[in-house]
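target_20.pdb (PDB, C-alpha atoms and all ligand atoms)
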MODEL        1
ATOM      1  CA  MET A   1     145.804 107.978  15.833  1.00  0.00           C
ATOM      2  CA  PRO A   2     144.753 111.207  14.141  1.00  0.00           C
ATOM      3  CA  LEU A   3     146.655 112.197  11.014  1.00  0.00           C
ATOM      4  CA  VAL A   4     148.102 115.701  11.079  1.00  0.00           C
ATOM      5  CA  LEU A   5     149.264 117.380   7.879  1.00  0.00           C
ATOM      6  CA  VAL A   6     151.922 120.043   8.403  1.00  0.00           C
ATOM      7  CA  VAL A   7     152.727 122.423   5.544  1.00  0.00           C
ATOM      8  CA  GLU A   8     155.672 124.715   6.194  1.00  0.00           C
ATOM      9  CA  ASP A   9     158.632 125.700   4.019  1.00  0.00           C
ATOM     10  CA  GLU A  10     161.028 126.562   6.817  1.00  0.00           C
ATOM     11  CA  ALA A  11     162.885 123.292   7.354  1.00  0.00           C
ATOM     12  CA  ASN A  12     163.641 123.880  11.037  1.00  0.00           C
ATOM     13  CA  ILE A  13     160.041 124.634  11.918  1.00  0.00           C
ATOM     14  CA  LEU A  14     158.754 121.710   9.866  1.00  0.00           C
ATOM     15  CA  LYS A  15     161.174 119.370  11.609  1.00  0.00           C
ATOM     16  CA  LEU A  16     160.308 120.728  15.047  1.00  0.00           C
ATOM     17  CA  LEU A  17     156.576 120.306  14.473  1.00  0.00           C
ATOM     18  CA  ALA A  18     156.885 116.845  12.944  1.00  0.00           C
ATOM     19  CA  PHE A  19     159.130 115.679  15.781  1.00  0.00           C
ATOM     20  CA  ASN A  20     156.841 116.902  18.548  1.00  0.00           C
ATOM     21  CA  LEU A  21     153.619 115.702  16.959  1.00  0.00           C
ATOM     22  CA  THR A  22     155.087 112.263  16.310  1.00  0.00           C
ATOM     23  CA  LYS A  23     156.352 112.075  19.881  1.00  0.00           C
ATOM     24  CA  GLU A  24     152.825 112.836  21.066  1.00  0.00           C
ATOM     25  CA  GLY A  25     151.575 109.851  19.046  1.00  0.00           C
ATOM     26  CA  TYR A  26     150.092 111.537  15.990  1.00  0.00           C
ATOM     27  CA  GLN A  27     150.632 110.334  12.448  1.00  0.00           C
ATOM     28  CA  VAL A  28     152.337 113.162  10.625  1.00  0.00           C
ATOM     29  CA  VAL A  29     152.675 114.102   6.981  1.00  0.00           C
ATOM     30  CA  ALA A  30     155.207 116.933   6.657  1.00  0.00           C
ATOM     31  CA  LEU A  31     155.331 118.899   3.383  1.00  0.00           C
ATOM     32  CA  ASN A  32     157.465 121.891   2.492  1.00  0.00           C
ATOM     33  CA  ASN A  33     155.446 123.525  -0.271  1.00  0.00           C
ATOM     34  CA  GLY A  34     151.889 124.350  -1.227  1.00  0.00           C
ATOM     35  CA  GLN A  35     151.747 122.304  -4.419  1.00  0.00           C
ATOM     36  CA  ALA A  36     152.709 119.150  -2.512  1.00  0.00           C
ATOM     37  CA  ALA A  37     149.877 119.869  -0.070  1.00  0.00           C
ATOM     38  CA  VAL A  38     147.375 120.290  -2.912  1.00  0.00           C
ATOM     39  CA  ASN A  39     148.529 116.984  -4.419  1.00  0.00           C
ATOM     40  CA  PHE A  40     148.322 115.225  -1.076  1.00  0.00           C
ATOM     41  CA  MET A  41     144.769 116.451  -0.490  1.00  0.00           C
ATOM     42  CA  LYS A  42     143.614 114.724  -3.677  1.00  0.00           C
ATOM     43  CA  LYS A  43     143.921 111.370  -1.940  1.00  0.00           C
ATOM     44  CA  GLY A  44     144.787 111.940   1.709  1.00  0.00           C
ATOM     45  CA  LYS A  45     142.315 112.874   4.414  1.00  0.00           C
ATOM     46  CA  PRO A  46     144.081 114.451   7.393  1.00  0.00           C
ATOM     47  CA  ASP A  47     142.202 115.002  10.641  1.00  0.00           C
ATOM     48  CA  LEU A  48     143.866 118.360  11.090  1.00  0.00           C
ATOM     49  CA  ILE A  49     146.109 120.685   9.092  1.00  0.00           C
ATOM     50  CA  ILE A  50     148.802 123.047  10.352  1.00  0.00           C
ATOM     51  CA  LEU A  51     149.282 125.523   7.555  1.00  0.00           C
ATOM     52  CA  ASP A  52     151.913 128.172   7.046  1.00  0.00           C
ATOM     53  CA  ILE A  53     150.665 131.228   5.151  1.00  0.00           C
ATOM     54  CA  MET A  54     153.777 132.219   3.217  1.00  0.00           C
ATOM     55  CA  LEU A  55     154.603 129.178   1.106  1.00  0.00           C
ATOM     56  CA  PRO A  56     156.284 128.717  -2.251  1.00  0.00           C
ATOM     57  CA  LYS A  57     154.175 127.767  -5.313  1.00  0.00           C
ATOM     58  CA  VAL A  58     150.718 127.773  -3.725  1.00  0.00           C
ATOM     59  CA  ASP A  59     150.325 129.916  -0.607  1.00  0.00           C
ATOM     60  CA  GLY A  60     148.407 129.101   2.549  1.00  0.00           C
ATOM     61  CA  TYR A  61     145.430 131.335   1.723  1.00  0.00           C
ATOM     62  CA  GLU A  62     144.932 129.556  -1.575  1.00  0.00           C
ATOM     63  CA  ILE A  63     145.099 126.144   0.086  1.00  0.00           C
ATOM     64  CA  LEU A  64     142.645 127.240   2.764  1.00  0.00           C
ATOM     65  CA  ARG A  65     140.247 128.560   0.139  1.00  0.00           C
ATOM     66  CA  MET A  66     140.380 125.278  -1.751  1.00  0.00           C
ATOM     67  CA  LEU A  67     139.806 123.249   1.428  1.00  0.00           C
ATOM     68  CA  ARG A  68     136.793 125.290   2.431  1.00  0.00           C
ATOM     69  CA  GLU A  69     135.207 125.125  -1.018  1.00  0.00           C
ATOM     70  CA  LYS A  70     134.977 121.344  -1.112  1.00  0.00           C
ATOM     71  CA  PRO A  71     132.364 119.660   1.095  1.00  0.00           C
ATOM     72  CA  GLU A  72     134.646 116.697   1.812  1.00  0.00           C
ATOM     73  CA  THR A  73     137.406 118.927   3.204  1.00  0.00           C
ATOM     74  CA  SER A  74     135.452 121.910   4.488  1.00  0.00           C
ATOM     75  CA  ALA A  75     135.210 120.600   8.050  1.00  0.00           C
ATOM     76  CA  ILE A  76     138.890 119.703   8.552  1.00  0.00           C
ATOM     77  CA  PRO A  77     140.274 121.917  11.339  1.00  0.00           C
ATOM     78  CA  VAL A  78     143.013 124.229  10.069  1.00  0.00           C
ATOM     79  CA  ILE A  79     145.511 126.002  12.322  1.00  0.00           C
ATOM     80  CA  ILE A  80     147.435 128.671  10.484  1.00  0.00           C
ATOM     81  CA  LEU A  81     150.976 129.728  11.277  1.00  0.00           C
ATOM     82  CA  SER A  82     151.633 133.430  11.004  1.00  0.00           C
ATOM     83  CA  ALA A  83     154.772 135.453  11.470  1.00  0.00           C
ATOM     84  CA  LYS A  84     155.082 137.566  14.590  1.00  0.00           C
ATOM     85  CA  GLY A  85     153.046 140.740  14.405  1.00  0.00           C
ATOM     86  CA  GLU A  86     151.374 139.828  11.130  1.00  0.00           C
ATOM     87  CA  ILE A  87     147.872 140.509  12.363  1.00  0.00           C
ATOM     88  CA  LEU A  88     146.626 140.824   8.798  1.00  0.00           C
ATOM     89  CA  ASP A  89     147.730 137.257   8.063  1.00  0.00           C
ATOM     90  CA  ARG A  90     145.728 136.039  10.988  1.00  0.00           C
ATOM     91  CA  VAL A  91     142.666 138.114  10.241  1.00  0.00           C
ATOM     92  CA  LEU A  92     142.520 137.076   6.606  1.00  0.00           C
ATOM     93  CA  GLY A  93     143.190 133.461   7.535  1.00  0.00           C
ATOM     94  CA  LEU A  94     140.348 133.451  10.046  1.00  0.00           C
ATOM     95  CA  GLU A  95     138.009 135.086   7.550  1.00  0.00           C
ATOM     96  CA  LEU A  96     138.848 132.389   5.042  1.00  0.00           C
ATOM     97  CA  GLY A  97     137.785 129.832   7.621  1.00  0.00           C
ATOM     98  CA  ALA A  98     140.861 128.889   9.627  1.00  0.00           C
ATOM     99  CA  ASP A  99     139.925 127.569  13.070  1.00  0.00           C
ATOM    100  CA  ASP A 100     142.866 128.911  14.999  1.00  0.00           C
ATOM    101  CA  TYR A 101     146.246 130.524  14.485  1.00  0.00           C
ATOM    102  CA  ILE A 102     149.662 130.245  16.042  1.00  0.00           C
ATOM    103  CA  THR A 103     152.170 133.065  15.962  1.00  0.00           C
ATOM    104  CA  LYS A 104     155.820 132.346  15.276  1.00  0.00           C
ATOM    105  CA  PRO A 105     157.941 131.844  17.240  1.00  0.00           C
ATOM    106  CA  PHE A 106     155.933 129.330  19.235  1.00  0.00           C
ATOM    107  CA  SER A 107     156.589 126.652  21.790  1.00  0.00           C
ATOM    108  CA  PRO A 108     155.904 123.044  20.780  1.00  0.00           C
ATOM    109  CA  ARG A 109     153.795 122.682  23.902  1.00  0.00           C
ATOM    110  CA  GLU A 110     151.505 125.478  22.741  1.00  0.00           C
ATOM    111  CA  VAL A 111     151.085 123.832  19.350  1.00  0.00           C
ATOM    112  CA  LEU A 112     150.247 120.473  20.897  1.00  0.00           C
ATOM    113  CA  ALA A 113     147.634 122.096  23.131  1.00  0.00           C
ATOM    114  CA  ARG A 114     145.971 123.823  20.167  1.00  0.00           C
ATOM    115  CA  VAL A 115     146.021 120.642  18.096  1.00  0.00           C
ATOM    116  CA  LYS A 116     144.428 118.698  20.909  1.00  0.00           C
ATOM    117  CA  SER A 117     141.766 121.326  21.442  1.00  0.00           C
ATOM    118  CA  GLN A 118     140.863 121.494  17.739  1.00  0.00           C
ATOM    119  CA  LEU A 119     140.623 117.724  17.439  1.00  0.00           C
ATOM    120  CA  ARG A 120     138.417 117.581  20.537  1.00  0.00           C
ATOM    121  CA  ARG A 121     136.232 120.316  19.130  1.00  0.00           C
ATOM    122  CA  LYS A 122     135.951 118.490  15.827  1.00  0.00           C
ATOM    123  CA  THR A 123     134.796 115.330  17.605  1.00  0.00           C
ATOM    124  CA  SER A 124     132.274 117.202  19.704  1.00  0.00           C
ATOM    125  CA  LEU A 125     130.927 119.071  16.672  1.00  0.00           C
ATOM    126  CA  ARG A 126     130.446 115.798  14.870  1.00  0.00           C
ATOM    127  CA  LYS A 127     128.418 114.564  17.816  1.00  0.00           C
ATOM    128  CA  GLY A 128     126.700 117.928  17.818  1.00  0.00           C
ATOM    129  CA  PRO A 129     126.229 118.409  21.562  1.00  0.00           C
ATOM    130  CA  GLN A 130     125.157 121.997  21.359  1.00  0.00           C
ATOM    131  CA  VAL A 131     122.193 121.280  19.107  1.00  0.00           C
ATOM    132  CA  VAL A 132     120.080 118.703  20.836  1.00  0.00           C
ATOM    133  CA  GLU A 133     116.622 119.488  19.495  1.00  0.00           C
ATOM    134  CA  GLU A 134     115.623 120.703  16.125  1.00  0.00           C
ATOM    135  CA  ASN A 135     116.109 124.450  15.842  1.00  0.00           C
ATOM    136  CA  VAL A 136     117.220 124.876  19.422  1.00  0.00           C
ATOM    137  CA  VAL A 137     120.817 125.736  20.205  1.00  0.00           C
ATOM    138  CA  ARG A 138     122.069 124.933  23.688  1.00  0.00           C
ATOM    139  CA  TYR A 139     125.364 126.061  25.067  1.00  0.00           C
ATOM    140  CA  LYS A 140     126.063 125.703  28.778  1.00  0.00           C
ATOM    141  CA  ARG A 141     123.146 127.470  30.520  1.00  0.00           C
ATOM    142  CA  LEU A 142     122.114 129.280  27.378  1.00  0.00           C
ATOM    143  CA  VAL A 143     119.194 128.220  25.166  1.00  0.00           C
ATOM    144  CA  ILE A 144     118.565 129.874  21.801  1.00  0.00           C
ATOM    145  CA  LYS A 145     115.455 129.469  19.674  1.00  0.00           C
ATOM    146  CA  PRO A 146     116.313 131.003  16.298  1.00  0.00           C
ATOM    147  CA  GLU A 147     112.826 130.798  14.821  1.00  0.00           C
ATOM    148  CA  LYS A 148     111.364 132.798  17.671  1.00  0.00           C
ATOM    149  CA  TYR A 149     114.354 135.115  17.972  1.00  0.00           C
ATOM    150  CA  GLU A 150     114.420 134.125  21.632  1.00  0.00           C
ATOM    151  CA  ALA A 151     117.239 133.312  23.982  1.00  0.00           C
ATOM    152  CA  SER A 152     117.162 132.378  27.641  1.00  0.00           C
ATOM    153  CA  MET A 153     119.697 131.923  30.399  1.00  0.00           C
ATOM    154  CA  GLU A 154     118.906 129.321  33.070  1.00  0.00           C
ATOM    155  CA  GLY A 155     115.287 129.379  31.928  1.00  0.00           C
ATOM    156  CA  GLU A 156     114.964 133.137  32.130  1.00  0.00           C
ATOM    157  CA  LYS A 157     114.218 134.947  28.922  1.00  0.00           C
ATOM    158  CA  LEU A 158     116.881 137.433  27.865  1.00  0.00           C
ATOM    159  CA  ASP A 159     115.855 140.871  26.706  1.00  0.00           C
ATOM    160  CA  LEU A 160     117.967 141.132  23.540  1.00  0.00           C
ATOM    161  CA  THR A 161     117.757 143.477  20.588  1.00  0.00           C
ATOM    162  CA  PRO A 162     117.585 141.732  17.181  1.00  0.00           C
ATOM    163  CA  LYS A 163     121.258 142.486  16.464  1.00  0.00           C
ATOM    164  CA  GLU A 164     122.358 141.220  19.868  1.00  0.00           C
ATOM    165  CA  PHE A 165     120.349 138.097  19.244  1.00  0.00           C
ATOM    166  CA  GLU A 166     121.921 137.533  15.832  1.00  0.00           C
ATOM    167  CA  LEU A 167     125.410 138.029  17.249  1.00  0.00           C
ATOM    168  CA  LEU A 168     124.811 135.552  20.042  1.00  0.00           C
ATOM    169  CA  HIS A 169     123.249 133.030  17.679  1.00  0.00           C
ATOM    170  CA  LEU A 170     126.153 133.216  15.224  1.00  0.00           C
ATOM    171  CA  LEU A 171     128.765 132.792  17.973  1.00  0.00           C
ATOM    172  CA  ALA A 172     126.847 129.963  19.632  1.00  0.00           C
ATOM    173  CA  MET A 173     126.588 128.043  16.363  1.00  0.00           C
ATOM    174  CA  ASN A 174     130.387 128.121  16.078  1.00  0.00           C
ATOM    175  CA  PRO A 175     131.843 127.605  19.545  1.00  0.00           C
ATOM    176  CA  GLY A 176     135.582 128.140  19.623  1.00  0.00           C
ATOM    177  CA  ARG A 177     135.731 129.810  16.225  1.00  0.00           C
ATOM    178  CA  VAL A 178     137.189 133.307  16.189  1.00  0.00           C
ATOM    179  CA  PHE A 179     135.229 135.958  14.312  1.00  0.00           C
ATOM    180  CA  THR A 180     136.952 139.170  13.321  1.00  0.00           C
ATOM    181  CA  ARG A 181     135.077 142.418  13.836  1.00  0.00           C
ATOM    182  CA  ASP A 182     134.887 142.910  10.076  1.00  0.00           C
ATOM    183  CA  LEU A 183     133.418 139.493   9.537  1.00  0.00           C
ATOM    184  CA  LEU A 184     130.822 140.087  12.268  1.00  0.00           C
ATOM    185  CA  LEU A 185     129.942 143.429  10.678  1.00  0.00           C
ATOM    186  CA  GLU A 186     129.489 141.753   7.335  1.00  0.00           C
ATOM    187  CA  LYS A 187     127.461 138.834   8.673  1.00  0.00           C
ATOM    188  CA  ILE A 188     125.219 140.695  11.091  1.00  0.00           C
ATOM    189  CA  TRP A 189     124.955 144.188   9.649  1.00  0.00           C
ATOM    190  CA  GLY A 190     125.644 143.416   6.018  1.00  0.00           C
ATOM    191  CA  TYR A 191     127.086 145.898   3.637  1.00  0.00           C
ATOM    192  CA  GLU A 192     124.138 148.272   3.592  1.00  0.00           C
ATOM    193  CA  HIS A 193     126.017 150.886   5.577  1.00  0.00           C
ATOM    194  CA  VAL A 194     129.629 151.620   6.111  1.00  0.00           C
ATOM    195  CA  ARG A 195     129.904 150.985   9.800  1.00  0.00           C
ATOM    196  CA  GLU A 196     132.780 151.133  12.136  1.00  0.00           C
ATOM    197  CA  THR A 197     134.067 148.018  13.815  1.00  0.00           C
ATOM    198  CA  ARG A 198     133.369 149.832  17.060  1.00  0.00           C
ATOM    199  CA  THR A 199     129.690 149.003  16.467  1.00  0.00           C
ATOM    200  CA  VAL A 200     130.617 145.378  17.099  1.00  0.00           C
ATOM    201  CA  ASP A 201     132.438 146.192  20.343  1.00  0.00           C
ATOM    202  CA  VAL A 202     129.469 148.161  21.658  1.00  0.00           C
ATOM    203  CA  HIS A 203     127.024 145.349  20.897  1.00  0.00           C
ATOM    204  CA  ILE A 204     129.318 142.763  22.446  1.00  0.00           C
ATOM    205  CA  ARG A 205     129.513 144.896  25.578  1.00  0.00           C
ATOM    206  CA  TYR A 206     125.716 145.104  25.896  1.00  0.00           C
ATOM    207  CA  LEU A 207     125.400 141.416  25.164  1.00  0.00           C
ATOM    208  CA  ARG A 208     127.901 140.576  27.892  1.00  0.00           C
ATOM    209  CA  GLN A 209     126.004 142.672  30.399  1.00  0.00           C
ATOM    210  CA  LYS A 210     122.947 140.572  29.643  1.00  0.00           C
ATOM    211  CA  ILE A 211     124.442 137.082  29.565  1.00  0.00           C
ATOM    212  CA  GLU A 212     127.592 137.083  31.683  1.00  0.00           C
ATOM    213  CA  LYS A 213     127.374 136.777  35.430  1.00  0.00           C
ATOM    214  CA  ASP A 214     130.568 138.795  35.598  1.00  0.00           C
ATOM    215  CA  PRO A 215     131.317 140.532  32.269  1.00  0.00           C
ATOM    216  CA  ALA A 216     135.012 140.758  33.173  1.00  0.00           C
ATOM    217  CA  GLU A 217     135.232 136.972  33.461  1.00  0.00           C
ATOM    218  CA  GLN A 218     134.136 136.302  29.870  1.00  0.00           C
ATOM    219  CA  GLU A 219     132.623 132.903  30.609  1.00  0.00           C
ATOM    220  CA  TYR A 220     130.759 132.954  27.299  1.00  0.00           C
ATOM    221  CA  ILE A 221     132.174 135.578  24.980  1.00  0.00           C
ATOM    222  CA  GLU A 222     135.925 135.786  24.874  1.00  0.00           C
ATOM    223  CA  THR A 223     137.918 138.690  23.427  1.00  0.00           C
ATOM    224  CA  VAL A 224     140.737 137.525  21.164  1.00  0.00           C
ATOM    225  CA  ARG A 225     143.121 140.414  21.418  1.00  0.00           C
ATOM    226  CA  GLY A 226     143.829 142.228  18.173  1.00  0.00           C
ATOM    227  CA  VAL A 227     141.493 139.970  16.218  1.00  0.00           C
ATOM    228  CA  GLY A 228     137.902 139.693  17.409  1.00  0.00           C
ATOM    229  CA  TYR A 229     135.590 137.540  19.479  1.00  0.00           C
ATOM    230  CA  ARG A 230     134.606 133.957  19.994  1.00  0.00           C
ATOM    231  CA  LEU A 231     132.336 131.876  22.114  1.00  0.00           C
ATOM    232  CA  ARG A 232     134.606 130.062  24.539  1.00  0.00           C
ATOM    233  CA  SER A 233     134.702 126.418  23.578  1.00  0.00           C
ATOM    234  CA  MET A 234     133.671 123.932  26.228  1.00  0.00           C
ATOM    235  CA  GLY A 235     136.055 121.672  28.100  1.00  0.00           C
TER     236      GLY A 235
HETATM  237 CA    CA A 301     156.833 130.308   5.245  1.00  0.00          CA
ENDMDL
END

Translate the structure described by the file into structure tokens.
Amino acid sequence: MPLVLVVEDEANILKLLAFNLTKEGYQVVALNNGQAAVNFMKKGKPDLIILDIMLPKVDGYEILRMLREKPETSAIPVIILSAKGEILDRVLGLELGADDYITKPFSPREVLARVKSQLRRKTSLRKGPQVVEENVVRYKRLVIKPEKYEASMEGEKLDLTPKEFELLHLLAMNPGRVFTRDLLLEKIWGYEHVRETRTVDVHIRYLRQKIEKDPAEQEYIETVRGVGYRLRSMG
């Protein structure tokens, strides 16, 4: 069974998570401070980490940064726990490479669903279903050819501007991962101009009109309220 590392200093929450994950059949390592997590990571290899942000000794951001820096831990899915209303926590966590976030208070059922979905995504990324030929990205009915700056939907070429193309390509390479508006601005537009995050919203809207059958349905590009956008993960 997959090994889940839970790092949380609030004893009640730690106990609740450990209890529910164990009941679901996962192996669980439950730690109540950041230093213990750093020590554990020197020898342990969890399949997934649930990480609280505000931790004594070493905080969640620091742990996340360390995980993402090392090749052997960079692909481990990390779900961060953030306090209610702390959008900044979430945004920074996602920019540092967290895969998902859960807001406290949460229901155990919600946590189990997120854990399951991240582990499934990890398995499917390892198999790499969305990249089946060299330099071609496939996602549902969408085919992207990065070298030609071309994308097509059900065999029909899409008329995309270069920025729309780059946005779509970035999202499609990371299905399920949430990108904040600021991160998209940085990755697609760079720092050459001070732009408003509204630029991202406008481009996403045009992109949706071109790729979604019904833009309101968000079959491909999903709005994550208060945070940003992601390509809906499959299954
Ligand atoms: Ca805490």

> Is there a way to get, as a PyMOL selection string, all residues within 12 Å of the point (129.5, 146.2, 8.8) in file coordinates, counting all atoms listed in the file?
Replying inline: chain A and resi 163+180-201

Just write the chosen residues, C-alpha atoms, as a PDB file, in the coordinates of the input.
ATOM      1  CA  LYS A 163     121.258 142.486  16.464  1.00  0.00           C
ATOM      2  CA  THR A 180     136.952 139.170  13.321  1.00  0.00           C
ATOM      3  CA  ARG A 181     135.077 142.418  13.836  1.00  0.00           C
ATOM      4  CA  ASP A 182     134.887 142.910  10.076  1.00  0.00           C
ATOM      5  CA  LEU A 183     133.418 139.493   9.537  1.00  0.00           C
ATOM      6  CA  LEU A 184     130.822 140.087  12.268  1.00  0.00           C
ATOM      7  CA  LEU A 185     129.942 143.429  10.678  1.00  0.00           C
ATOM      8  CA  GLU A 186     129.489 141.753   7.335  1.00  0.00           C
ATOM      9  CA  LYS A 187     127.461 138.834   8.673  1.00  0.00           C
ATOM     10  CA  ILE A 188     125.219 140.695  11.091  1.00  0.00           C
ATOM     11  CA  TRP A 189     124.955 144.188   9.649  1.00  0.00           C
ATOM     12  CA  GLY A 190     125.644 143.416   6.018  1.00  0.00           C
ATOM     13  CA  TYR A 191     127.086 145.898   3.637  1.00  0.00           C
ATOM     14  CA  GLU A 192     124.138 148.272   3.592  1.00  0.00           C
ATOM     15  CA  HIS A 193     126.017 150.886   5.577  1.00  0.00           C
ATOM     16  CA  VAL A 194     129.629 151.620   6.111  1.00  0.00           C
ATOM     17  CA  ARG A 195     129.904 150.985   9.800  1.00  0.00           C
ATOM     18  CA  GLU A 196     132.780 151.133  12.136  1.00  0.00           C
ATOM     19  CA  THR A 197     134.067 148.018  13.815  1.00  0.00           C
ATOM     20  CA  ARG A 198     133.369 149.832  17.060  1.00  0.00           C
ATOM     21  CA  THR A 199     129.690 149.003  16.467  1.00  0.00           C
ATOM     22  CA  VAL A 200     130.617 145.378  17.099  1.00  0.00           C
ATOM     23  CA  ASP A 201     132.438 146.192  20.343  1.00  0.00           C
TER      24      ASP A 201
END

Evaluate the PyMOL selection byres (((chain A and resi 107-118) around 12) and not hetatm) on the structure here and hand back the selected residues as a CSV table (one decimal) with C-alpha atoms, in the coordinates of the input.
chain,number,residue,atom,x,y,z
A,1,MET,CA,145.8,108.0,15.8
A,2,PRO,CA,144.8,111.2,14.1
A,3,LEU,CA,146.7,112.2,11.0
A,4,VAL,CA,148.1,115.7,11.1
A,5,LEU,CA,149.3,117.4,7.9
A,6,VAL,CA,151.9,120.0,8.4
A,13,ILE,CA,160.0,124.6,11.9
A,14,LEU,CA,158.8,121.7,9.9
A,15,LYS,CA,161.2,119.4,11.6
A,16,LEU,CA,160.3,120.7,15.0
A,17,LEU,CA,156.6,120.3,14.5
A,18,ALA,CA,156.9,116.8,12.9
A,19,PHE,CA,159.1,115.7,15.8
A,20,ASN,CA,156.8,116.9,18.5
A,21,LEU,CA,153.6,115.7,17.0
A,22,THR,CA,155.1,112.3,16.3
A,23,LYS,CA,156.4,112.1,19.9
A,24,GLU,CA,152.8,112.8,21.1
A,25,GLY,CA,151.6,109.9,19.0
A,26,TYR,CA,150.1,111.5,16.0
A,47,ASP,CA,142.2,115.0,10.6
A,48,LEU,CA,143.9,118.4,11.1
A,49,ILE,CA,146.1,120.7,9.1
A,50,ILE,CA,148.8,123.0,10.4
A,75,ALA,CA,135.2,120.6,8.0
A,76,ILE,CA,138.9,119.7,8.6
A,77,PRO,CA,140.3,121.9,11.3
A,78,VAL,CA,143.0,124.2,10.1
A,79,ILE,CA,145.5,126.0,12.3
A,80,ILE,CA,147.4,128.7,10.5
A,81,LEU,CA,151.0,129.7,11.3
A,98,ALA,CA,140.9,128.9,9.6
A,99,ASP,CA,139.9,127.6,13.1
A,100,ASP,CA,142.9,128.9,15.0
A,101,TYR,CA,146.2,130.5,14.5
A,102,ILE,CA,149.7,130.2,16.0
A,103,THR,CA,152.2,133.1,16.0
A,104,LYS,CA,155.8,132.3,15.3
A,105,PRO,CA,157.9,131.8,17.2
A,106,PHE,CA,155.9,129.3,19.2
A,119,LEU,CA,140.6,117.7,17.4
A,120,ARG,CA,138.4,117.6,20.5
A,121,ARG,CA,136.2,120.3,19.1
A,122,LYS,CA,136.0,118.5,15.8
A,123,THR,CA,134.8,115.3,17.6
A,124,SER,CA,132.3,117.2,19.7
A,125,LEU,CA,130.9,119.1,16.7
A,175,PRO,CA,131.8,127.6,19.5
A,176,GLY,CA,135.6,128.1,19.6
A,177,ARG,CA,135.7,129.8,16.2
A,232,ARG,CA,134.6,130.1,24.5
A,233,SER,CA,134.7,126.4,23.6
A,234,MET,CA,133.7,123.9,26.2
A,235,GLY,CA,136.1,121.7,28.1

Would you mind listing the residues within 9 Å of ligand CA 301 (chain A), counting all atoms listed in the file, as an mmCIF file with C-alpha atoms, in the coordinates of the input?
data_model
loop_
_atom_site.group_PDB
_atom_site.id
_atom_site.type_symbol
_atom_site.label_atom_id
_atom_site.label_comp_id
_atom_site.auth_asym_id
_atom_site.auth_seq_id
_atom_site.Cartn_x
_atom_site.Cartn_y
_atom_site.Cartn_z
ATOM 1 C CA VAL A 7 152.727 122.423 5.544
ATOM 2 C CA GLU A 8 155.672 124.715 6.194
ATOM 3 C CA ASP A 9 158.632 125.700 4.019
ATOM 4 C CA GLU A 10 161.028 126.562 6.817
ATOM 5 C CA ASN A 32 157.465 121.891 2.492
ATOM 6 C CA ASN A 33 155.446 123.525 -0.271
ATOM 7 C CA ASP A 52 151.913 128.172 7.046
ATOM 8 C CA ILE A 53 150.665 131.228 5.151
ATOM 9 C CA MET A 54 153.777 132.219 3.217
ATOM 10 C CA LEU A 55 154.603 129.178 1.106
ATOM 11 C CA PRO A 56 156.284 128.717 -2.251
ATOM 12 C CA ASP A 59 150.325 129.916 -0.607
ATOM 13 C CA GLY A 60 148.407 129.101 2.549
ATOM 14 C CA LEU A 81 150.976 129.728 11.277
ATOM 15 C CA SER A 82 151.633 133.430 11.004
ATOM 16 C CA ALA A 83 154.772 135.453 11.470
#

> Out of A:Glu164, A:Glu95, A:Glu154, A:Glu147, which residue has the shortest atom-to-atom distance to A:Gln209 when counting all atoms listed in the file?
Replying inline: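 For A:Gln209, the nearest of the candidates is A:Glu164.
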
>> I'd like to see the residues matched by the PyMOL selection byres (((chain A and resi 179) around 6) and not hetatm) on this file, and ideally I'd get them as an MDAnalysis selection string.
In response: chainID A and resid 178 180 228:229
